[in-house]
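Undergrad: One file is attached below, structure-v8.pdb, containing PDB, C-alpha atoms.
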```
ATOM      1  CA  MET A   4     -28.871 -14.752   1.234
ATOM      2  CA  THR A   5     -26.431 -13.072  -1.083
ATOM      3  CA  ALA A   6     -23.701 -10.595  -0.287
ATOM      4  CA  ARG A   7     -24.562  -6.908   0.057
ATOM      5  CA  ILE A   8     -22.041  -4.568  -1.542
ATOM      6  CA  GLY A   9     -22.235  -0.827  -0.884
ATOM      7  CA  VAL A  10     -21.492   1.798  -3.521
ATOM      8  CA  VAL A  11     -20.778   5.305  -2.206
ATOM      9  CA  THR A  12     -22.154   8.309  -4.065
ATOM     10  CA  PHE A  13     -20.177  11.533  -3.572
ATOM     11  CA  PRO A  14     -21.184  14.838  -5.168
ATOM     12  CA  GLY A  15     -19.629  14.410  -8.608
ATOM     13  CA  SER A  16     -19.543  10.598  -8.688
ATOM     14  CA  LEU A  17     -20.292   9.356 -12.212
ATOM     15  CA  ASP A  18     -20.074   5.594 -12.233
ATOM     16  CA  ASP A  19     -22.002   4.710  -9.097
ATOM     17  CA  ARG A  20     -24.999   3.365 -11.050
ATOM     18  CA  ASP A  21     -22.808   1.385 -13.468
ATOM     19  CA  THR A  22     -21.044  -0.122 -10.478
ATOM     20  CA  GLN A  23     -24.350  -1.075  -8.865
ATOM     21  CA  ARG A  24     -25.346  -2.739 -12.130
ATOM     22  CA  ALA A  25     -22.073  -4.685 -12.318
ATOM     23  CA  ILE A  26     -22.612  -5.913  -8.756
ATOM     24  CA  ARG A  27     -26.135  -7.045  -9.641
ATOM     25  CA  LEU A  28     -24.915  -8.850 -12.788
ATOM     26  CA  ALA A  29     -22.378 -10.731 -10.675
ATOM     27  CA  GLY A  30     -25.185 -11.972  -8.440
ATOM     28  CA  ALA A  31     -24.728  -9.762  -5.380
ATOM     29  CA  GLU A  32     -27.013  -7.078  -3.989
ATOM     30  CA  PRO A  33     -25.894  -3.471  -4.519
ATOM     31  CA  VAL A  34     -26.597  -1.024  -1.680
ATOM     32  CA  ALA A  35     -26.483   2.722  -2.298
ATOM     33  CA  LEU A  36     -24.430   4.613   0.304
ATOM     34  CA  TRP A  37     -24.459   8.397   0.654
ATOM     35  CA  HIS A  38     -21.352  10.491   1.345
ATOM     36  CA  LYS A  39     -23.007  12.446   4.181
ATOM     37  CA  ASP A  40     -24.159   9.308   5.953
ATOM     38  CA  LYS A  41     -21.762   7.639   8.382
ATOM     39  CA  ASP A  42     -23.910   4.506   8.317
ATOM     40  CA  LEU A  43     -22.540   1.790   6.034
ATOM     41  CA  LYS A  44     -25.851  -0.112   6.370
ATOM     42  CA  GLN A  45     -24.030  -3.272   7.449
ATOM     43  CA  VAL A  46     -22.759  -4.016   3.950
ATOM     44  CA  ASP A  47     -20.226  -6.797   3.432
ATOM     45  CA  ALA A  48     -17.957  -4.751   1.129
ATOM     46  CA  VAL A  49     -17.786  -1.253  -0.375
ATOM     47  CA  VAL A  50     -16.899   0.145  -3.793
ATOM     48  CA  LEU A  51     -15.804   3.773  -4.174
ATOM     49  CA  PRO A  52     -16.774   4.539  -7.774
ATOM     50  CA  GLY A  53     -15.279   6.681 -10.512
ATOM     51  CA  GLY A  54     -16.111  10.276 -11.299
ATOM     52  CA  PHE A  55     -14.986  13.728 -10.271
ATOM     53  CA  SER A  56     -16.061  14.044  -6.648
ATOM     54  CA  TYR A  57     -15.984  17.691  -5.541
ATOM     55  CA  GLY A  58     -14.794  18.586  -9.025
ATOM     56  CA  ASP A  59     -11.303  17.286  -8.189
ATOM     57  CA  TYR A  60     -10.834  20.594  -6.334
ATOM     58  CA  LEU A  61      -7.586  20.911  -4.353
ATOM     59  CA  ARG A  62      -6.487  17.396  -5.409
ATOM     60  CA  ALA A  63      -8.544  14.508  -6.790
ATOM     61  CA  GLY A  64     -10.164  12.782  -3.809
ATOM     62  CA  ALA A  65      -8.793  15.265  -1.250
ATOM     63  CA  ILE A  66     -12.157  16.644  -0.122
ATOM     64  CA  SER A  67     -14.141  13.387  -0.391
ATOM     65  CA  ARG A  68     -11.606  11.775   1.874
ATOM     66  CA  PHE A  69     -12.984  13.872   4.769
ATOM     67  CA  SER A  70     -16.665  13.110   4.106
ATOM     68  CA  PRO A  71     -18.701  11.504   6.928
ATOM     69  CA  VAL A  72     -18.981   8.133   5.161
ATOM     70  CA  MET A  73     -15.183   7.930   4.944
ATOM     71  CA  GLU A  74     -14.803   8.269   8.721
ATOM     72  CA  THR A  75     -16.580   4.956   9.156
ATOM     73  CA  LEU A  76     -15.099   3.413   6.040
ATOM     74  CA  ILE A  77     -11.480   4.125   7.049
ATOM     75  CA  ASP A  78     -11.971   2.425  10.425
ATOM     76  CA  GLN A  79     -13.736  -0.575   8.933
ATOM     77  CA  ALA A  80     -11.253  -0.968   6.068
ATOM     78  CA  LYS A  81      -8.459  -1.096   8.639
ATOM     79  CA  ALA A  82     -10.468  -3.789  10.428
ATOM     80  CA  GLY A  83     -10.734  -5.888   7.251
ATOM     81  CA  LEU A  84     -13.810  -4.680   5.331
ATOM     82  CA  PRO A  85     -13.180  -5.312   1.608
ATOM     83  CA  VAL A  86     -12.980  -1.992  -0.279
ATOM     84  CA  LEU A  87     -12.444  -1.409  -3.991
ATOM     85  CA  GLY A  88     -11.601   2.060  -5.307
ATOM     86  CA  ILE A  89     -12.033   2.590  -9.037
ATOM     87  CA  CYS A  90     -10.459   5.668 -10.652
ATOM     88  CA  ASN A  91     -11.671   8.542  -8.436
ATOM     89  CA  GLY A  92     -12.232   5.890  -5.764
ATOM     90  CA  PHE A  93      -8.544   4.933  -6.026
ATOM     91  CA  GLN A  94      -7.641   8.604  -5.630
ATOM     92  CA  VAL A  95      -9.825   8.804  -2.497
ATOM     93  CA  LEU A  96      -8.087   5.718  -1.058
ATOM     94  CA  THR A  97      -4.601   7.191  -1.544
ATOM     95  CA  GLU A  98      -5.706  10.538  -0.095
ATOM     96  CA  ALA A  99      -7.132   8.642   2.890
ATOM     97  CA  HIS A 100      -3.792   6.796   3.197
ATOM     98  CA  LEU A 101      -5.529   3.442   3.050
ATOM     99  CA  LEU A 102      -3.232   2.812   0.087
ATOM    100  CA  PRO A 103       0.321   4.195  -0.220
ATOM    101  CA  GLY A 104       1.472   6.723  -2.813
ATOM    102  CA  ALA A 105      -0.555   9.397  -4.581
ATOM    103  CA  MET A 106      -2.246  10.166  -7.890
ATOM    104  CA  LEU A 107      -1.159  13.103 -10.070
ATOM    105  CA  GLY A 108      -2.161  14.553 -13.445
ATOM    106  CA  ASN A 109      -1.362  12.461 -16.528
ATOM    107  CA  ASP A 110       2.179  13.220 -17.711
ATOM    108  CA  HIS A 111       0.868  14.288 -21.155
ATOM    109  CA  LEU A 112      -1.566  16.751 -19.497
ATOM    110  CA  HIS A 113      -4.587  15.428 -21.429
ATOM    111  CA  PHE A 114      -7.679  13.496 -20.443
ATOM    112  CA  ILE A 115      -7.397   9.971 -21.818
ATOM    113  CA  CYS A 116     -10.108   7.435 -22.701
ATOM    114  CA  ARG A 117      -9.170   4.087 -24.231
ATOM    115  CA  ASP A 118      -9.489   0.342 -23.959
ATOM    116  CA  GLN A 119      -6.482  -0.555 -21.863
ATOM    117  CA  LYS A 120      -4.574  -3.804 -21.634
ATOM    118  CA  LEU A 121      -3.609  -4.818 -18.093
ATOM    119  CA  ARG A 122      -1.834  -7.737 -16.503
ATOM    120  CA  VAL A 123      -3.255  -9.159 -13.277
ATOM    121  CA  GLU A 124      -0.257  -9.794 -11.038
ATOM    122  CA  ASN A 125      -1.918 -10.621  -7.738
ATOM    123  CA  THR A 126      -4.873 -13.002  -7.581
ATOM    124  CA  GLU A 127      -4.903 -13.291  -3.794
ATOM    125  CA  THR A 128      -6.836 -10.093  -3.049
ATOM    126  CA  ALA A 129     -10.530 -10.062  -2.164
ATOM    127  CA  TRP A 130     -11.242  -8.487  -5.568
ATOM    128  CA  THR A 131      -9.074 -10.617  -7.897
ATOM    129  CA  LEU A 132      -9.596 -14.240  -6.818
ATOM    130  CA  ASP A 133     -11.362 -15.114 -10.049
ATOM    131  CA  TYR A 134      -8.453 -14.114 -12.296
ATOM    132  CA  GLU A 135      -5.496 -16.301 -13.197
ATOM    133  CA  ALA A 136      -2.050 -15.059 -12.230
ATOM    134  CA  GLY A 137      -0.513 -13.199 -15.167
ATOM    135  CA  GLN A 138      -3.832 -13.016 -17.012
ATOM    136  CA  GLU A 139      -4.048 -10.144 -19.491
ATOM    137  CA  ILE A 140      -7.338  -8.288 -19.622
ATOM    138  CA  HIS A 141      -8.801  -5.339 -21.532
ATOM    139  CA  ILE A 142     -10.908  -2.838 -19.643
ATOM    140  CA  PRO A 143     -11.714   0.817 -20.286
ATOM    141  CA  LEU A 144      -9.571   3.583 -18.829
ATOM    142  CA  LYS A 145     -10.706   7.206 -18.613
ATOM    143  CA  ASN A 146      -9.020   9.776 -16.433
ATOM    144  CA  MET A 147      -7.210  13.059 -16.038
ATOM    145  CA  ASP A 148      -5.237  12.287 -12.873
ATOM    146  CA  GLY A 149      -4.030   8.731 -13.406
ATOM    147  CA  ARG A 150      -0.299   9.022 -12.757
ATOM    148  CA  TYR A 151       0.580   6.825  -9.804
ATOM    149  CA  VAL A 152       3.602   8.044  -7.854
ATOM    150  CA  ALA A 153       5.346   6.912  -4.677
ATOM    151  CA  ASP A 154       8.908   7.120  -3.416
ATOM    152  CA  SER A 155      11.365   4.407  -4.466
ATOM    153  CA  TYR A 156      11.294   2.755  -1.074
ATOM    154  CA  THR A 157       7.505   2.389  -1.193
ATOM    155  CA  LEU A 158       7.603   1.136  -4.790
ATOM    156  CA  ASP A 159      10.242  -1.471  -3.920
ATOM    157  CA  GLN A 160       8.194  -2.562  -0.932
ATOM    158  CA  LEU A 161       5.025  -2.900  -3.044
ATOM    159  CA  GLU A 162       6.918  -4.994  -5.611
ATOM    160  CA  ALA A 163       8.583  -7.173  -2.986
ATOM    161  CA  GLU A 164       5.298  -7.894  -1.240
ATOM    162  CA  GLY A 165       3.404  -8.597  -4.469
ATOM    163  CA  ARG A 166       1.120  -5.636  -3.885
ATOM    164  CA  VAL A 167       1.185  -4.358  -7.454
ATOM    165  CA  VAL A 168      -2.116  -5.951  -8.473
ATOM    166  CA  PHE A 169      -2.415  -4.565 -12.010
ATOM    167  CA  ARG A 170       0.184  -3.276 -14.442
ATOM    168  CA  TYR A 171      -0.324  -1.495 -17.763
ATOM    169  CA  VAL A 172       0.813  -3.641 -20.700
ATOM    170  CA  ASP A 173       2.169  -2.355 -24.056
ATOM    171  CA  PHE A 174       1.296   1.278 -23.297
ATOM    172  CA  ASN A 175       1.577   3.384 -20.186
ATOM    173  CA  PRO A 176      -1.327   5.827 -20.525
ATOM    174  CA  ASN A 177      -0.416   8.373 -17.867
ATOM    175  CA  GLY A 178       3.209   8.152 -16.767
ATOM    176  CA  SER A 179       2.495   5.948 -13.740
ATOM    177  CA  LEU A 180       5.732   4.816 -12.118
ATOM    178  CA  ARG A 181       6.658   1.222 -12.976
ATOM    179  CA  ASP A 182       3.504   0.978 -15.145
ATOM    180  CA  ILE A 183       1.394   0.549 -12.018
ATOM    181  CA  ALA A 184      -2.357   0.501 -12.700
ATOM    182  CA  GLY A 185      -3.548  -0.793  -9.339
ATOM    183  CA  ILE A 186      -2.301  -1.793  -5.893
ATOM    184  CA  THR A 187      -3.492  -3.398  -2.671
ATOM    185  CA  ASN A 188      -2.858  -2.864   1.023
ATOM    186  CA  ALA A 189      -0.832  -5.425   2.940
ATOM    187  CA  ALA A 190      -3.928  -7.337   4.080
ATOM    188  CA  GLY A 191      -5.337  -7.609   0.546
ATOM    189  CA  ASN A 192      -8.808  -6.309   1.435
ATOM    190  CA  VAL A 193      -8.308  -2.797   0.012
ATOM    191  CA  VAL A 194      -7.629  -2.536  -3.730
ATOM    192  CA  GLY A 195      -7.469   0.551  -5.939
ATOM    193  CA  LEU A 196      -7.007   0.880  -9.697
ATOM    194  CA  MET A 197      -7.469   3.522 -12.365
ATOM    195  CA  PRO A 198      -9.209   1.516 -15.150
ATOM    196  CA  HIS A 199     -12.923   0.744 -14.914
ATOM    197  CA  PRO A 200     -13.913  -2.929 -14.532
ATOM    198  CA  GLU A 201     -17.579  -1.933 -14.096
ATOM    199  CA  HIS A 202     -17.614  -0.798 -17.737
ATOM    200  CA  ALA A 203     -16.575  -4.250 -18.991
ATOM    201  CA  VAL A 204     -19.215  -6.596 -17.616
ATOM    202  CA  GLU A 205     -21.498  -7.178 -20.600
ATOM    203  CA  SER A 206     -20.581  -8.428 -24.071
ATOM    204  CA  LEU A 207     -23.102  -6.132 -25.733
ATOM    205  CA  ILE A 208     -21.382  -2.875 -24.831
ATOM    206  CA  GLY A 209     -17.978  -1.359 -24.244
ATOM    207  CA  THR A 210     -15.015  -3.490 -25.198
ATOM    208  CA  GLY A 211     -17.338  -6.364 -26.129
ATOM    209  CA  ARG A 212     -15.599  -8.380 -23.458
ATOM    210  CA  THR A 213     -16.508  -9.081 -19.891
ATOM    211  CA  ASP A 214     -12.996  -8.831 -18.478
ATOM    212  CA  GLY A 215     -14.172  -6.642 -15.587
ATOM    213  CA  LEU A 216     -16.804  -9.026 -14.260
ATOM    214  CA  PRO A 217     -14.373 -11.186 -12.224
ATOM    215  CA  PHE A 218     -13.833  -8.250  -9.827
ATOM    216  CA  PHE A 219     -17.415  -8.599  -8.740
ATOM    217  CA  THR A 220     -17.629 -12.399  -8.841
ATOM    218  CA  SER A 221     -14.361 -12.517  -6.849
ATOM    219  CA  ILE A 222     -15.728 -10.481  -3.977
ATOM    220  CA  LEU A 223     -18.953 -12.460  -4.006
ATOM    221  CA  LYS A 224     -17.007 -15.722  -3.815
ATOM    222  CA  LYS A 225     -14.863 -14.323  -1.000
ATOM    223  CA  LEU A 226     -17.881 -13.170   1.006
ATOM    224  CA  VAL A 227     -19.866 -16.356   0.485
ATOM    225  CA  ALA A 228     -16.852 -18.433   1.541
ATOM    226  CA  ALA A 229     -16.535 -16.329   4.701
ATOM    227  CA  SER A 230     -20.195 -16.611   5.687
TER
ATOM    228  CA  MET B  14      -7.003  40.303  11.015
ATOM    229  CA  ALA B  15      -3.834  38.839   9.666
ATOM    230  CA  ARG B  16      -3.045  36.937   6.538
ATOM    231  CA  VAL B  17      -1.241  33.632   6.680
ATOM    232  CA  VAL B  18       0.107  32.262   3.425
ATOM    233  CA  VAL B  19       0.548  28.551   2.807
ATOM    234  CA  ASP B  20       2.664  27.717  -0.243
ATOM    235  CA  VAL B  21       2.456  24.156  -1.516
ATOM    236  CA  MET B  22       4.992  22.748  -3.975
ATOM    237  CA  LEU B  23       5.483  19.312  -5.465
ATOM    238  CA  LYS B  24       8.534  17.642  -3.944
ATOM    239  CA  PRO B  25      11.653  18.108  -6.088
ATOM    240  CA  GLU B  26      11.715  14.459  -7.181
ATOM    241  CA  ILE B  27       8.115  14.528  -8.472
ATOM    242  CA  LEU B  28       7.720  15.186 -12.199
ATOM    243  CA  ASP B  29       5.823  18.427 -12.879
ATOM    244  CA  PRO B  30       4.558  18.305 -16.493
ATOM    245  CA  GLN B  31       2.639  21.579 -16.116
ATOM    246  CA  GLY B  32       5.785  23.415 -15.056
ATOM    247  CA  GLN B  33       7.651  21.795 -17.946
ATOM    248  CA  ALA B  34       4.980  22.939 -20.417
ATOM    249  CA  VAL B  35       5.318  26.498 -19.129
ATOM    250  CA  GLN B  36       9.118  26.324 -19.345
ATOM    251  CA  ARG B  37       9.011  25.021 -22.920
ATOM    252  CA  ALA B  38       6.765  27.905 -23.987
ATOM    253  CA  LEU B  39       9.191  30.565 -22.729
ATOM    254  CA  PRO B  40      11.724  30.720 -25.611
ATOM    255  CA  ARG B  41       8.895  31.021 -28.121
ATOM    256  CA  LEU B  42       7.599  34.000 -26.156
ATOM    257  CA  GLY B  43      11.025  35.625 -26.152
ATOM    258  CA  PHE B  44      11.938  34.822 -22.538
ATOM    259  CA  ASP B  45      15.354  33.217 -22.595
ATOM    260  CA  GLY B  46      17.610  32.008 -19.838
ATOM    261  CA  ILE B  47      15.051  30.226 -17.650
ATOM    262  CA  SER B  48      16.149  26.624 -17.306
ATOM    263  CA  ASP B  49      13.355  25.226 -15.128
ATOM    264  CA  VAL B  50       9.825  26.066 -13.979
ATOM    265  CA  ARG B  51       7.921  24.356 -11.158
ATOM    266  CA  GLN B  52       4.268  25.182 -10.581
ATOM    267  CA  GLY B  53       2.715  25.173  -7.128
ATOM    268  CA  LYS B  54      -0.273  26.405  -5.143
ATOM    269  CA  ARG B  55      -0.635  29.411  -2.853
ATOM    270  CA  PHE B  56      -3.354  29.612  -0.200
ATOM    271  CA  GLU B  57      -4.096  32.957   1.486
ATOM    272  CA  LEU B  58      -5.846  32.456   4.809
ATOM    273  CA  GLU B  59      -7.464  35.463   6.492
ATOM    274  CA  VAL B  60      -7.280  34.681  10.178
ATOM    275  CA  ASP B  61      -9.619  36.080  12.811
ATOM    276  CA  GLY B  62      -7.892  37.129  15.996
ATOM    277  CA  PRO B  63      -4.211  37.043  16.848
ATOM    278  CA  VAL B  64      -1.831  34.802  14.908
ATOM    279  CA  ASP B  65      -0.087  33.413  17.954
ATOM    280  CA  ASP B  66       1.778  30.141  18.317
ATOM    281  CA  ALA B  67      -1.428  28.232  18.941
ATOM    282  CA  ALA B  68      -3.074  29.642  15.806
ATOM    283  CA  LEU B  69       0.009  28.885  13.729
ATOM    284  CA  ALA B  70       0.113  25.360  15.073
ATOM    285  CA  ARG B  71      -3.493  24.841  13.971
ATOM    286  CA  ILE B  72      -2.730  26.247  10.521
ATOM    287  CA  HIS B  73       0.289  23.987  10.253
ATOM    288  CA  GLU B  74      -1.953  21.029  11.041
ATOM    289  CA  LEU B  75      -4.489  22.231   8.448
ATOM    290  CA  ALA B  76      -1.767  22.498   5.816
ATOM    291  CA  GLU B  77      -0.293  19.117   6.656
ATOM    292  CA  THR B  78      -3.562  17.188   6.683
ATOM    293  CA  PHE B  79      -5.547  18.958   3.968
ATOM    294  CA  LEU B  80      -3.952  21.715   1.874
ATOM    295  CA  ALA B  81      -0.910  19.589   1.068
ATOM    296  CA  ASN B  82      -0.564  15.878   0.479
ATOM    297  CA  THR B  83       2.799  15.296   2.124
ATOM    298  CA  VAL B  84       3.299  12.092   0.148
ATOM    299  CA  ILE B  85       4.001  14.265  -2.907
ATOM    300  CA  GLU B  86       4.125  17.870  -1.703
ATOM    301  CA  ASN B  87       6.075  20.163   0.637
ATOM    302  CA  PHE B  88       4.558  23.257   2.198
ATOM    303  CA  THR B  89       5.588  26.431   3.996
ATOM    304  CA  VAL B  90       3.516  28.585   6.350
ATOM    305  CA  LYS B  91       4.244  32.270   6.801
ATOM    306  CA  VAL B  92       2.471  35.256   8.316
ATOM    307  CA  GLU B  93       2.340  37.845   5.608
ATOM    308  CA  GLU B  94       0.896  41.093   6.907
ATOM    309  CA  ALA B  95      -1.670  42.722   9.118
ATOM    310  CA  VAL B  96      -4.639  43.444   6.902
ATOM    311  CA  GLU B  97      -6.435  46.695   7.797
ATOM    312  CA  PRO B  98      -9.753  47.491   6.144
ATOM    313  CA  ALA B  99      -9.235  50.260   3.563
ATOM    314  CA  VAL B 100     -10.328  53.711   4.706
ATOM    315  CA  GLY B 101     -13.900  54.297   3.606
ATOM    316  CA  ALA B 102     -14.388  50.665   2.685
ATOM    317  CA  GLU B 103     -18.016  49.660   2.809
ATOM    318  CA  LYS B 104     -19.118  46.935   5.127
TER
END
```
For this file, write the structure as structure tokens.
TA:
Amino acid sequence: MTARIGVVTFPGSLDDRDTQRAIRLAGAEPVALWHKDKDLKQVDAVVLPGGFSYGDYLRAGAISRFSPVMETLIDQAKAGLPVLGICNGFQVLTEAHLLPGAMLGNDHLHFICRDQKLRVENTETAWTLDYEAGQEIHIPLKNMDGRYVADSYTLDQLEAEGRVVFRYVDFNPNGSLRDIAGITNAAGNVVGLMPHPEHAVESLIGTGRTDGLPFFTSILKKLVAAS
Amino acid sequence: MARVVVDVMLKPEILDPQGQAVQRALPRLGFDGISDVRQGKRFELEVDGPVDDAALARIHELAETFLANTVIENFTVKVEEAVEPAVGAEK
């Protein structure tokens, strides 16, 4: 039996189907989860996908964070359930305080869409086991509110504990402090990042590379090892 | 009915590119002498019943947990005015 990985659909989610497809390509079983449903259907891990849930009203992720599915998810994430937040999903995780800091509008005030170079700096998390430390990858980035901010104390703590999982290389696309593209919680089960690994899982499309696939093979490996 | 106003501002140390864009446009529009602009949000809450300490405490909680993200924003809560329906206003 393979691992079952839930993908939450909020009103305004865009990349939920792409994420399900990426999970399937990695060899796991995607399970659709609905924002109004507290039931996580006994999945082994959850991905919060990209998009513009609730139109980014108030702040990106601020309204989704109070949806019924998040009530259950917050408790289970604190208890160790692996959770990956991509783009809007990352914003939901910071709003839910499962990850420290916050996301703000890009410093240049424009939407940005590009193939982005990243460095993987932590390969211990549930979602990055299949990368090599320091590996540089290219995956698509597309966002309006991608500027990661936190106070200096929090940033120093993240750096000291190796919790900066991904950093932008060569070009900082949004003004994120210390070029941070993605972070993890202390336990390593919750990871959030702005770029979109689910859009880089097949050589035929996108960047022509499959640099995003290891996210999904990593979690599968982690779950199979645990079972 | 009373109106309670919640003002939400980015903390001083957080970069506000929208405010900067507004500030940079000012000289071109002939408005000189304004050295900085910060942009925030204002929420006007029409409250049923008396705005007593208990009601204000609830609104404070609402502002702290939802209207503002206190990681990046500060907020203030103030009771603005008693709002009377205008004479002759239709229901």
Undergrad: What does the PyMOL selection byres ((chain A and resi 116) around 7) select in this file, as a list in words?
TA: Phe114, Ile115, Arg117, Leu144, Lys145 and Asn146 of chain A
Undergrad: Pick out the closest residue to chain A from this set: B:Lys91, B:Arg51, B:Lys24, B:Arg37. Count all atoms listed in the file.
TA: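 The closest residue to chain A is B:Lys24.
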Undergrad: Only residues of chain B matter here; which ones have an atom within 7 Å of chain A, counting all atoms listed in the file? Give them as number ranges by chain.
TA: B: 30, 84-85
Undergrad: Which centre and which edge lengths, in Å to one decimal, describe the axis-aligned box that holds all listed atoms of segment 72-91 of chain A after 6 Å is added on each side, as AutoDock Vina command-line options?
TA:
```
--center_x -13.7 --center_y 1.3 --center_z -0.1 --size_x 22.5 --size_y 26.4 --size_z 33.1
```
Undergrad: Quick one: which residues end up in the PyMOL selection byres ((chain A and resi 194) around 9) for this structure, as a VMD selection string?
TA: chain A and resid 85 to 89 93 96 102 128 to 130 168 185 to 188 191 to 193 195 to 196
Undergrad: Quick one: of A:Gln160, A:Thr12, A:Thr75, A:Thr22, who's nearest to Lys41 of chain A, counting only C-alpha atoms?
TA: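 Of the candidates, the smallest distance to Lys41 of chain A is held by A:Thr75.
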Undergrad: Which residue, A:Glu74, A:Glu162, A:Asp148, A:Asp118, has the smallest gap to Ile183 of chain A when you use only C-alpha atoms?
TA: A:Glu162
Undergrad: For Leu43 of chain A, list every protein, DNA or RNA residue within 8 Å, evaluated using all atoms listed in the file, and leave out those in the same chain fewer than 4 positions away; present the list as a ChimeraX atom specification.
TA: /A:9,36,72,75-76
Undergrad: For segment 199-202 of chain A, find every residue with an atom within 8 Å (counting only C-alpha atoms), except residues of its own chain fewer than 4 positions away, and show them as a list in words.
TA: Asp21, Thr22, Ala25, Gly53, Ile89, Cys90, Ile142, Pro143, Leu144, Lys145, Gly209, Asp214, Gly215, Leu216 and Phe218 of chain A
Undergrad: Which is closer to Lys54 of chain B than all the others in B:Val90, B:Ala67, B:Met14, B:Leu80, using only C-alpha atoms?
TA: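 With only C-alpha atoms as the atom set, the closest residue is B:Leu80.
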